[in-house]
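Source file protein.cif; content: mmCIF, C-alpha atoms.
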data_upload
#
loop_
_atom_site.label_atom_id
_atom_site.label_comp_id
_atom_site.auth_asym_id
_atom_site.auth_seq_id
_atom_site.Cartn_x
_atom_site.Cartn_y
_atom_site.Cartn_z
CA MET A 1 -3.84 -1.40 -29.17
CA ASN A 2 -7.21 -2.69 -28.03
CA GLU A 3 -9.94 -0.46 -26.69
CA PHE A 4 -11.09 -0.44 -23.09
CA LYS A 5 -13.94 1.23 -21.25
CA VAL A 6 -13.59 3.57 -18.29
CA LEU A 7 -16.25 3.23 -15.61
CA GLU A 8 -16.51 5.85 -12.84
CA ILE A 9 -17.47 4.39 -9.45
CA LYS A 10 -18.76 6.76 -6.75
CA GLN A 11 -16.62 8.23 -3.99
CA SER A 12 -17.34 8.75 -0.30
CA VAL A 13 -17.21 12.29 1.08
CA PHE A 14 -15.51 13.39 4.31
CA SER A 15 -16.57 16.40 6.38
CA SER A 16 -15.22 18.25 9.41
CA ASN A 17 -11.83 16.53 9.79
CA ASP A 18 -10.17 19.57 8.19
CA ARG A 19 -11.39 21.82 11.01
CA GLU A 20 -10.14 19.35 13.64
CA ALA A 21 -6.78 19.21 11.90
CA ASP A 22 -6.44 23.01 11.86
CA ARG A 23 -7.31 23.14 15.54
CA LEU A 24 -4.67 20.52 16.35
CA ARG A 25 -2.04 22.40 14.33
CA ALA A 26 -2.84 25.61 16.22
CA GLU A 27 -2.37 23.82 19.54
CA LEU A 28 0.93 22.32 18.38
CA LYS A 29 2.11 25.79 17.35
CA GLU A 30 1.18 27.09 20.79
CA LYS A 31 3.16 24.30 22.47
CA GLY A 32 6.13 24.56 20.10
CA VAL A 33 5.77 21.00 18.83
CA PHE A 34 6.47 20.18 15.18
CA LEU A 35 4.43 17.22 13.92
CA LEU A 36 5.64 15.32 10.84
CA ASN A 37 3.33 12.84 9.12
CA LEU A 38 5.34 10.14 7.32
CA MET A 39 3.54 8.02 4.74
CA SER A 40 4.38 5.30 2.20
CA SER A 41 3.42 1.90 0.81
CA PRO A 42 4.08 -1.16 2.96
CA GLY A 43 7.78 -1.99 2.91
CA SER A 44 9.13 1.27 1.47
CA GLY A 45 11.42 1.76 4.44
CA LYS A 46 9.61 4.16 6.79
CA THR A 47 10.95 2.56 9.95
CA THR A 48 14.53 2.20 8.66
CA THR A 49 14.48 5.85 7.55
CA LEU A 50 13.15 6.92 10.95
CA LYS A 51 15.74 4.95 12.87
CA ARG A 52 18.58 6.59 10.98
CA THR A 53 16.95 10.03 11.24
CA ILE A 54 16.57 9.65 14.99
CA ALA A 55 20.22 8.59 15.38
CA ALA A 56 21.31 11.70 13.47
CA LEU A 57 19.04 14.25 15.15
CA LYS A 58 18.36 13.05 18.67
CA GLU A 59 21.13 15.16 20.24
CA GLU A 60 19.74 18.38 18.77
CA LEU A 61 15.97 17.72 18.96
CA ARG A 62 13.76 15.97 21.50
CA ILE A 63 11.98 13.40 19.35
CA GLY A 64 8.82 11.38 19.98
CA VAL A 65 7.45 8.80 17.56
CA MET A 66 3.94 7.42 17.04
CA GLU A 67 3.87 4.14 15.13
CA ALA A 68 0.49 3.49 13.57
CA ASP A 69 -0.17 -0.09 12.58
CA ILE A 70 -3.13 -2.40 12.14
CA ASP A 71 -2.18 -4.51 15.10
CA SER A 72 1.49 -5.44 15.33
CA ASP A 73 4.11 -3.88 17.63
CA VAL A 74 7.11 -4.55 15.37
CA ASP A 75 7.80 -0.90 14.52
CA ALA A 76 7.40 0.69 17.96
CA LYS A 77 9.75 -1.96 19.29
CA ALA A 78 12.37 -1.02 16.67
CA ILE A 79 11.96 2.71 17.36
CA SER A 80 12.03 2.42 21.14
CA GLU A 81 15.42 0.71 20.79
CA THR A 82 16.84 3.99 19.43
CA GLY A 83 16.29 5.52 22.87
CA VAL A 84 13.58 8.03 21.96
CA LYS A 85 10.02 8.05 23.19
CA ALA A 86 7.79 5.78 21.09
CA ILE A 87 4.15 4.77 21.15
CA GLN A 88 2.35 2.15 19.09
CA LEU A 89 -1.06 3.14 17.79
CA HIS A 90 -3.30 0.26 16.82
CA THR A 91 -5.87 1.39 14.33
CA GLY A 92 -7.97 -1.76 14.73
CA GLY A 93 -8.07 -2.35 11.00
CA MET A 94 -8.44 1.31 9.99
CA CYS A 95 -6.41 2.23 6.91
CA HIS A 96 -5.46 5.76 7.98
CA LEU A 97 -5.35 8.23 10.88
CA ASP A 98 -7.43 11.38 10.97
CA ALA A 99 -6.82 14.43 13.19
CA ASP A 100 -8.79 13.08 16.11
CA MET A 101 -6.93 9.76 16.08
CA THR A 102 -3.64 11.67 15.85
CA ARG A 103 -4.66 13.78 18.82
CA GLN A 104 -5.28 10.58 20.83
CA GLY A 105 -1.80 9.45 19.84
CA LEU A 106 -0.15 12.76 20.83
CA GLU A 107 -1.90 12.63 24.20
CA GLY A 108 -0.71 9.05 24.66
CA LEU A 109 2.82 10.04 23.69
CA ASN A 110 2.79 13.20 25.86
CA THR A 111 4.53 15.99 23.96
CA ASP A 112 5.53 18.18 26.94
CA ASP A 113 9.17 17.27 26.38
CA VAL A 114 9.03 16.82 22.59
CA ASP A 115 10.19 19.24 19.85
CA LEU A 116 9.69 16.90 16.91
CA ALA A 117 6.78 14.45 16.96
CA ILE A 118 6.67 11.98 14.09
CA LEU A 119 3.64 9.98 13.04
CA GLU A 120 4.51 6.89 11.04
CA ASN A 121 1.19 6.45 9.29
CA VAL A 122 -0.31 3.11 8.14
CA GLY A 123 1.52 1.71 5.08
CA ASN A 124 -0.91 2.75 2.36
CA LEU A 125 -0.78 5.22 -0.55
CA VAL A 126 -4.50 5.85 -0.71
CA CYS A 127 -6.38 6.50 2.53
CA PRO A 128 -3.79 8.41 4.59
CA ALA A 129 -3.71 11.05 1.83
CA GLU A 130 -7.40 11.75 2.28
CA PHE A 131 -7.20 12.76 5.92
CA ASP A 132 -5.35 15.80 7.25
CA THR A 133 -3.77 14.51 10.48
CA GLY A 134 -3.00 17.99 11.79
CA ALA A 135 0.68 17.57 10.90
CA VAL A 136 2.75 20.64 10.11
CA LYS A 137 4.37 18.89 7.14
CA ASN A 138 3.68 15.71 5.20
CA ALA A 139 6.51 13.49 3.99
CA MET A 140 6.34 10.32 1.95
CA ILE A 141 8.72 7.61 0.88
CA LEU A 142 8.61 5.99 -2.53
CA SER A 143 11.11 3.18 -2.92
CA VAL A 144 12.85 2.29 -6.17
CA PRO A 145 11.34 -1.24 -6.45
CA GLU A 146 7.83 0.23 -6.47
CA GLY A 147 8.41 1.92 -9.83
CA HIS A 148 8.61 5.48 -11.13
CA ASP A 149 4.98 5.50 -12.30
CA LYS A 150 3.47 5.71 -8.82
CA PRO A 151 2.74 9.48 -8.94
CA LEU A 152 0.49 8.70 -11.94
CA LYS A 153 -1.40 6.04 -10.03
CA TYR A 154 -1.70 7.60 -6.57
CA PRO A 155 -2.24 11.25 -7.51
CA LEU A 156 -3.72 12.52 -4.25
CA MET A 157 -0.84 11.26 -2.12
CA PHE A 158 1.76 12.97 -4.29
CA SER A 159 -0.25 16.18 -4.45
CA ILE A 160 -0.44 16.66 -0.67
CA VAL A 161 3.15 15.93 0.37
CA ASP A 162 5.83 18.52 1.04
CA VAL A 163 8.73 16.15 0.47
CA VAL A 164 9.19 12.83 -1.35
CA LEU A 165 12.10 10.63 -0.29
CA ILE A 166 13.09 8.20 -3.06
CA ASN A 167 14.45 5.32 -0.99
CA LYS A 168 16.49 2.18 -1.78
CA MET A 169 18.66 4.04 -4.30
CA ASP A 170 21.28 1.30 -3.72
CA VAL A 171 19.23 -1.18 -5.79
CA LEU A 172 18.66 1.19 -8.71
CA PRO A 173 20.81 -0.95 -11.05
CA TYR A 174 18.46 -3.92 -10.62
CA PHE A 175 15.18 -2.17 -11.42
CA ASP A 176 13.64 -0.34 -14.38
CA PHE A 177 13.32 2.85 -12.36
CA ASP A 178 13.84 6.17 -14.12
CA LEU A 179 14.65 8.80 -11.49
CA GLU A 180 14.23 11.74 -13.85
CA LYS A 181 10.82 10.50 -15.02
CA CYS A 182 9.82 9.95 -11.42
CA GLN A 183 10.79 13.50 -10.47
CA ASN A 184 8.84 14.85 -13.44
CA TYR A 185 5.75 12.84 -12.47
CA VAL A 186 5.99 14.07 -8.87
CA HIS A 187 6.26 17.67 -10.04
CA MET A 188 3.38 17.19 -12.46
CA ARG A 189 1.23 16.39 -9.42
CA ASN A 190 2.89 18.88 -7.14
CA PRO A 191 5.37 21.47 -8.47
CA LYS A 192 6.44 22.51 -4.95
CA ALA A 193 7.28 19.05 -3.59
CA LYS A 194 10.94 18.55 -2.74
CA VAL A 195 12.37 15.25 -4.03
CA ILE A 196 15.33 13.72 -2.18
CA PRO A 197 16.90 10.44 -3.34
CA ILE A 198 18.18 8.48 -0.33
CA CYS A 199 19.31 5.10 0.86
CA ALA A 200 18.17 4.64 4.44
CA LYS A 201 20.14 1.41 4.70
CA THR A 202 23.54 2.91 3.81
CA GLY A 203 22.83 6.55 4.76
CA ASP A 204 23.49 7.95 1.29
CA GLY A 205 21.66 11.21 0.62
CA MET A 206 20.23 11.38 4.14
CA GLU A 207 22.00 14.64 5.03
CA ASP A 208 19.74 16.60 2.62
CA TRP A 209 16.72 15.14 4.34
CA TYR A 210 18.01 15.98 7.83
CA GLN A 211 18.71 19.51 6.69
CA TRP A 212 15.21 19.91 5.25
CA LEU A 213 13.72 18.61 8.49
CA ARG A 214 15.90 20.86 10.70
CA GLU A 215 14.82 23.91 8.71
CA GLN A 216 11.14 23.01 8.94
CA VAL A 217 11.30 22.44 12.68
CA SER A 218 13.16 25.74 13.28
CA ALA A 219 10.75 27.70 11.11
CA TRP A 220 7.80 26.31 13.07
CA THR A 221 9.09 26.46 16.59
CA GLU A 222 10.97 29.77 16.36
CA ALA A 223 8.50 31.85 14.38
CA MET B 1 15.07 -2.02 25.39
CA ASN B 2 12.83 0.98 26.10
CA GLU B 3 9.18 0.69 26.99
CA PHE B 4 6.35 1.82 24.77
CA LYS B 5 2.64 2.14 25.25
CA VAL B 6 -0.02 0.50 23.10
CA LEU B 7 -3.13 2.57 22.44
CA GLU B 8 -6.19 0.93 20.81
CA ILE B 9 -8.07 3.22 18.42
CA LYS B 10 -11.64 2.30 17.42
CA GLN B 11 -12.57 0.47 14.25
CA SER B 12 -15.43 1.00 11.83
CA VAL B 13 -17.89 -1.86 11.25
CA PHE B 14 -19.15 -3.07 7.87
CA SER B 15 -22.50 -4.78 7.37
CA SER B 16 -24.28 -6.49 4.47
CA ASN B 17 -21.49 -6.62 1.90
CA ASP B 18 -20.96 -10.30 2.72
CA ARG B 19 -24.49 -11.14 1.57
CA GLU B 20 -23.99 -9.19 -1.67
CA ALA B 21 -20.72 -11.03 -2.25
CA ASP B 22 -22.34 -14.44 -1.77
CA ARG B 23 -25.11 -13.49 -4.18
CA LEU B 24 -22.57 -12.40 -6.80
CA ARG B 25 -20.62 -15.64 -6.39
CA ALA B 26 -23.81 -17.68 -6.90
CA GLU B 27 -24.55 -15.79 -10.13
CA LEU B 28 -20.99 -16.33 -11.38
CA LYS B 29 -21.33 -20.04 -10.63
CA GLU B 30 -24.57 -20.11 -12.63
CA LYS B 31 -22.89 -18.40 -15.59
CA GLY B 32 -19.72 -20.49 -15.38
CA VAL B 33 -17.46 -17.50 -14.75
CA PHE B 34 -14.48 -17.77 -12.39
CA LEU B 35 -13.61 -14.46 -10.71
CA LEU B 36 -10.12 -13.98 -9.27
CA ASN B 37 -9.41 -11.03 -6.99
CA LEU B 38 -5.74 -10.02 -7.19
CA MET B 39 -4.38 -7.78 -4.45
CA SER B 40 -1.02 -6.31 -3.37
CA SER B 41 0.83 -3.18 -2.28
CA PRO B 42 1.52 -0.52 -4.90
CA GLY B 43 4.36 -1.63 -7.14
CA SER B 44 4.47 -5.34 -6.23
CA GLY B 45 4.01 -6.36 -9.84
CA LYS B 46 0.29 -7.10 -10.25
CA THR B 47 0.12 -5.84 -13.83
CA THR B 48 3.36 -7.53 -14.94
CA THR B 49 2.19 -10.81 -13.39
CA LEU B 50 -1.16 -10.48 -15.14
CA LYS B 51 0.38 -9.72 -18.53
CA ARG B 52 2.51 -12.85 -18.39
CA THR B 53 -0.39 -14.94 -17.06
CA ILE B 54 -2.62 -13.78 -19.89
CA ALA B 55 0.05 -14.59 -22.49
CA ALA B 56 0.34 -18.12 -21.06
CA LEU B 57 -3.37 -18.89 -20.66
CA LYS B 58 -5.27 -16.93 -23.27
CA GLU B 59 -5.38 -19.79 -25.77
CA GLU B 60 -7.03 -22.12 -23.25
CA LEU B 61 -9.27 -19.69 -21.32
CA ARG B 62 -11.32 -16.68 -22.37
CA ILE B 63 -9.98 -13.97 -20.06
CA GLY B 64 -11.40 -10.59 -19.07
CA VAL B 65 -9.62 -8.12 -16.78
CA MET B 66 -10.93 -5.32 -14.57
CA GLU B 67 -8.25 -2.83 -13.57
CA ALA B 68 -9.23 -0.88 -10.48
CA ASP B 69 -7.33 2.32 -9.94
CA ILE B 70 -7.85 5.67 -8.27
CA ASP B 71 -7.92 7.52 -11.55
CA SER B 72 -5.19 6.54 -14.01
CA ASP B 73 -5.60 4.33 -17.09
CA VAL B 74 -2.01 3.04 -17.15
CA ASP B 75 -2.88 -0.57 -16.24
CA ALA B 76 -5.91 -1.13 -18.47
CA LYS B 77 -3.84 0.21 -21.35
CA ALA B 78 -1.10 -2.33 -20.63
CA ILE B 79 -3.59 -5.19 -20.30
CA SER B 80 -5.57 -4.32 -23.40
CA GLU B 81 -2.33 -4.59 -25.37
CA THR B 82 -2.22 -8.31 -24.56
CA GLY B 83 -5.32 -8.76 -26.70
CA VAL B 84 -7.79 -9.74 -23.98
CA LYS B 85 -10.83 -7.78 -22.88
CA ALA B 86 -9.96 -5.12 -20.30
CA ILE B 87 -11.87 -2.46 -18.43
CA GLN B 88 -10.55 0.31 -16.18
CA LEU B 89 -12.50 0.91 -13.00
CA HIS B 90 -12.00 4.30 -11.42
CA THR B 91 -12.76 4.16 -7.77
CA GLY B 92 -12.84 7.95 -7.39
CA GLY B 93 -10.45 7.85 -4.47
CA MET B 94 -11.91 4.74 -2.82
CA CYS B 95 -9.27 2.43 -1.40
CA HIS B 96 -10.98 -0.86 -2.22
CA LEU B 97 -13.81 -2.52 -4.15
CA ASP B 98 -16.77 -4.18 -2.48
CA ALA B 99 -19.14 -6.69 -4.07
CA ASP B 100 -21.45 -4.06 -5.48
CA MET B 101 -18.59 -2.15 -7.11
CA THR B 102 -17.25 -5.43 -8.50
CA ARG B 103 -20.68 -6.21 -9.93
CA GLN B 104 -20.66 -2.83 -11.70
CA GLY B 105 -17.27 -3.75 -13.12
CA LEU B 106 -18.39 -7.20 -14.32
CA GLU B 107 -21.41 -5.66 -16.02
CA GLY B 108 -19.17 -3.09 -17.68
CA LEU B 109 -16.79 -5.85 -18.78
CA ASN B 110 -19.63 -8.16 -19.96
CA THR B 111 -18.76 -11.73 -18.97
CA ASP B 112 -20.92 -13.56 -21.55
CA ASP B 113 -17.77 -14.67 -23.39
CA VAL B 114 -15.44 -14.89 -20.35
CA ASP B 115 -14.29 -18.00 -18.44
CA LEU B 116 -11.77 -16.27 -16.19
CA ALA B 117 -12.48 -12.73 -14.97
CA ILE B 118 -9.69 -11.07 -13.04
CA LEU B 119 -10.06 -8.06 -10.79
CA GLU B 120 -6.81 -6.19 -10.21
CA ASN B 121 -7.75 -4.49 -6.97
CA VAL B 122 -6.44 -1.11 -5.75
CA GLY B 123 -2.78 -1.31 -4.60
CA ASN B 124 -3.31 -1.51 -0.85
CA LEU B 125 -2.75 -4.19 1.81
CA VAL B 126 -5.40 -2.91 4.20
CA CYS B 127 -8.81 -1.98 2.81
CA PRO B 128 -9.25 -4.54 0.01
CA ALA B 129 -8.88 -7.31 2.60
CA GLU B 130 -11.91 -5.99 4.49
CA PHE B 131 -14.38 -6.34 1.65
CA ASP B 132 -15.42 -9.60 0.03
CA THR B 133 -15.64 -8.73 -3.68
CA GLY B 134 -17.61 -11.85 -4.56
CA ALA B 135 -14.50 -13.44 -6.06
CA VAL B 136 -14.19 -17.24 -6.12
CA LYS B 137 -10.56 -17.05 -5.00
CA ASN B 138 -8.32 -14.34 -3.58
CA ALA B 139 -4.70 -14.02 -4.63
CA MET B 140 -2.07 -11.60 -3.46
CA ILE B 141 1.44 -10.64 -4.45
CA LEU B 142 4.13 -9.80 -1.93
CA SER B 143 7.37 -8.68 -3.55
CA VAL B 144 10.83 -9.34 -2.12
CA PRO B 145 11.73 -5.64 -1.63
CA GLU B 146 8.74 -5.17 0.69
CA GLY B 147 10.24 -7.47 3.32
CA HIS B 148 9.36 -10.83 4.83
CA ASP B 149 7.65 -9.28 7.86
CA LYS B 150 4.54 -8.11 6.00
CA PRO B 151 2.30 -11.01 7.17
CA LEU B 152 2.95 -9.76 10.72
CA LYS B 153 1.92 -6.23 9.85
CA TYR B 154 -1.05 -6.80 7.54
CA PRO B 155 -2.65 -9.84 9.22
CA LEU B 156 -6.12 -9.63 7.69
CA MET B 157 -4.85 -9.59 4.11
CA PHE B 158 -2.75 -12.70 4.63
CA SER B 159 -5.54 -14.48 6.47
CA ILE B 160 -8.09 -14.13 3.64
CA VAL B 161 -5.99 -15.10 0.61
CA ASP B 162 -5.90 -18.51 -1.03
CA VAL B 163 -2.53 -18.01 -2.66
CA VAL B 164 0.46 -15.72 -2.04
CA LEU B 165 2.83 -15.08 -4.94
CA ILE B 166 6.26 -13.99 -3.74
CA ASN B 167 7.37 -11.82 -6.66
CA LYS B 168 10.70 -10.29 -7.75
CA MET B 169 12.66 -13.37 -6.69
CA ASP B 170 15.38 -12.22 -9.12
CA VAL B 171 16.46 -9.47 -6.71
CA LEU B 172 16.61 -11.72 -3.64
CA PRO B 173 20.42 -11.35 -3.39
CA TYR B 174 20.10 -7.59 -2.88
CA PHE B 175 17.57 -7.61 -0.03
CA ASP B 176 17.37 -8.93 3.52
CA PHE B 177 14.42 -11.13 2.64
CA ASP B 178 14.15 -14.53 4.30
CA LEU B 179 11.87 -16.72 2.17
CA GLU B 180 11.50 -19.42 4.80
CA LYS B 181 10.58 -16.91 7.50
CA CYS B 182 8.10 -15.31 5.12
CA GLN B 183 6.45 -18.66 4.40
CA ASN B 184 6.24 -19.37 8.12
CA TYR B 185 4.65 -15.97 8.81
CA VAL B 186 2.12 -16.52 6.00
CA HIS B 187 1.20 -19.93 7.40
CA MET B 188 0.96 -18.52 10.90
CA ARG B 189 -1.82 -16.25 9.58
CA ASN B 190 -3.27 -18.81 7.24
CA PRO B 191 -2.15 -22.46 7.29
CA LYS B 192 -3.99 -23.27 4.06
CA ALA B 193 -2.54 -20.49 1.90
CA LYS B 194 -0.40 -21.70 -0.98
CA VAL B 195 2.89 -19.82 -1.34
CA ILE B 196 4.51 -19.65 -4.79
CA PRO B 197 7.81 -17.81 -5.34
CA ILE B 198 7.86 -16.24 -8.82
CA CYS B 199 9.58 -13.71 -10.99
CA ALA B 200 6.99 -12.13 -13.26
CA LYS B 201 9.71 -10.29 -15.16
CA THR B 202 11.69 -13.41 -16.17
CA GLY B 203 8.90 -15.98 -15.89
CA ASP B 204 10.64 -18.13 -13.27
CA GLY B 205 8.23 -20.10 -11.12
CA MET B 206 5.18 -18.95 -13.07
CA GLU B 207 4.22 -22.45 -14.26
CA ASP B 208 3.19 -23.43 -10.69
CA TRP B 209 0.95 -20.40 -10.55
CA TYR B 210 -0.65 -21.14 -13.95
CA GLN B 211 -1.28 -24.70 -12.83
CA TRP B 212 -2.93 -23.58 -9.60
CA LEU B 213 -5.13 -21.15 -11.54
CA ARG B 214 -6.09 -23.75 -14.18
CA GLU B 215 -7.14 -26.19 -11.45
CA GLN B 216 -9.22 -23.57 -9.64
CA VAL B 217 -11.01 -22.51 -12.82
CA SER B 218 -11.75 -26.14 -13.80
CA ALA B 219 -13.03 -27.00 -10.35
CA TRP B 220 -15.40 -24.01 -10.43
CA THR B 221 -16.68 -24.17 -13.99
CA GLU B 222 -16.92 -27.96 -14.33
CA ALA B 223 -18.43 -28.90 -10.99
#

Final structure tokens representation of the file:
Amino acid sequence: MNEFKVLEIKQSVFSSNDREADRLRAELKEKGVFLLNLMSSPGSGKTTTLKRTIAALKEELRIGVMEADIDSDVDAKAISETGVKAIQLHTGGMCHLDADMTRQGLEGLNTDDVDLAILENVGNLVCPAEFDTGAVKNAMILSVPEGHDKPLKYPLMFSIVDVVLINKMDVLPYFDFDLEKCQNYVHMRNPKAKVIPICAKTGDGMEDWYQWLREQVSAWTEA
Amino acid sequence: MNEFKVLEIKQSVFSSNDREADRLRAELKEKGVFLLNLMSSPGSGKTTTLKRTIAALKEELRIGVMEADIDSDVDAKAISETGVKAIQLHTGGMCHLDADMTRQGLEGLNTDDVDLAILENVGNLVCPAEFDTGAVKNAMILSVPEGHDKPLKYPLMFSIVDVVLINKMDVLPYFDFDLEKCQNYVHMRNPKAKVIPICAKTGDGMEDWYQWLREQVSAWTEA
């Protein structure tokens, strides 16, 4: 094997977003609103997963969805067709949402009649992980075609999430994806993260995810 | 269909990076070095595509590769095994490289004996598109599992690239991916972008890509 050099390039530093996020969470607690922040790469299946989740849970929970995107309306259109409240957030090129941007979204959505608010973050495994949105829990989707090595390459994202959905399990036979390795890598970054293999397209494995989500919402809104 | 609101959130503004990028390009021209900036989502196959490209071209061009990553060394390790010069750039959490960071990388790589320098940018469809790295040409990979709608959702990325490689064509039968639609969406953003369907794993379609790259390098270094 050949040698290679490692060069460290400097990082930016972020300041008081954490305080804003804590304040937003306290207000959500007060109002009895559970906010889920859903993150992933582009094309991992966030919207498909949400659509199926909404169909399964909309009779038991009042759901509202914020779709963050650079500038298209594709996702909010898809979500609004499920019959729940949806709002499109245009980030104007921004690669993430912070707590203040999320607050703007929640105000735009109006959470007076919402139990479960879901933020579909910008498709990106880097920036969204750096900013606490004020969400009660953070979920991410990693899809089989992306490869099982992603927890090695996007460490921060995997270290801050409460649950990792491994999506597109239906195409496992066509990819060199090692589920056990992937789970080990996730737990290396984050021993407490729950890993749930799913297929949002067929519905396989989704019941475990719904159950996790139900429990989180109850714990937050009833405590 | 239900209604949804669209809320515009404010964007940051970037300043003199463009000047830095032009300066870097002029220096590369002077030295006869062609710099390619390769971008994509996480897991689209940048490293696999590069490995095969290097194997095909390393007898005719002196190649050097810069692997930008948040903090792993996985990719530089893979590239260095091909026998060409490789350097790992750790961005310390940064979601992109600008011209100054790229310059640091080129100095670390040392391009005195390099005809073709390749920057494998951070896996991200948002931020890298916002910063001119000083590259002569910009390439991106969109893989079939990500979906044909990505040019609609990541407009800036598709508008700034010279070539779009549609990777993982071998799994086309297992996904709802419409190649013609995808090509139309790419050309809607960017009529001049060349679209090349490939499979980096099997090598299918790669000859068109090599040929494009050869022509670009010749045009730059011989003019």

Just want the 7 Å neighbourhood of Gly43 of chain B, counted on only C-alpha atoms, with same-chain residues fewer than 2 positions away dropped. Output as an MDAnalysis selection string. (chainID A and resid 146:147) or (chainID B and resid 41 45)

Counting only C-alpha atoms, the option among A:Ala99, A:Val74, A:Ala193, A:Cys199 closest to chain B: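 Nearest candidate to chain B out of A:Ala99, A:Val74, A:Ala193, A:Cys199: A:Val74.
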
Which of these, A:Pro151, A:Gly32, A:Gly64, A:Pro145, has the shortest distance to chain B once you count only C-alpha atoms?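 Result for the nearest residue to chain B: A:Pro145.
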
Give me the result of the PyMOL selection byres ((chain B and resi 188) around 12) on this file, residue by residue, as a list of chain:residue names. B:Asp149, B:Pro151, B:Leu152, B:Pro155, B:Leu156, B:Phe158, B:Ser159, B:Lys181, B:Cys182, B:Gln183, B:Asn184, B:Tyr185, B:Val186, B:His187, B:Arg189, B:Asn190, B:Pro191, B:Lys192, B:Ala193

Evaluate the PyMOL selection byres ((chain A and resi 197) around 7) on the structure here and hand back the selected residues as an NGL selection string. :A and (165-167 or 169 or 195-196 or 198 or 205)

Do you know which residues are at most 9 Å from Asp178 of chain A counting all atoms listed in the file, after dropping those on the same chain fewer than 6 positions away, and could you put them as a compact mmCIF listing (two decimals) with C-alpha atoms, in the coordinates of the input?
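Output file result33.txt is given in full below:
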# COMPACT_ATOMS: atom_id res chain seq x y z
CA VAL A 144 12.85 2.29 -6.17
CA GLY A 147 8.41 1.92 -9.83
CA HIS A 148 8.61 5.48 -11.13
CA LEU A 172 18.66 1.19 -8.71
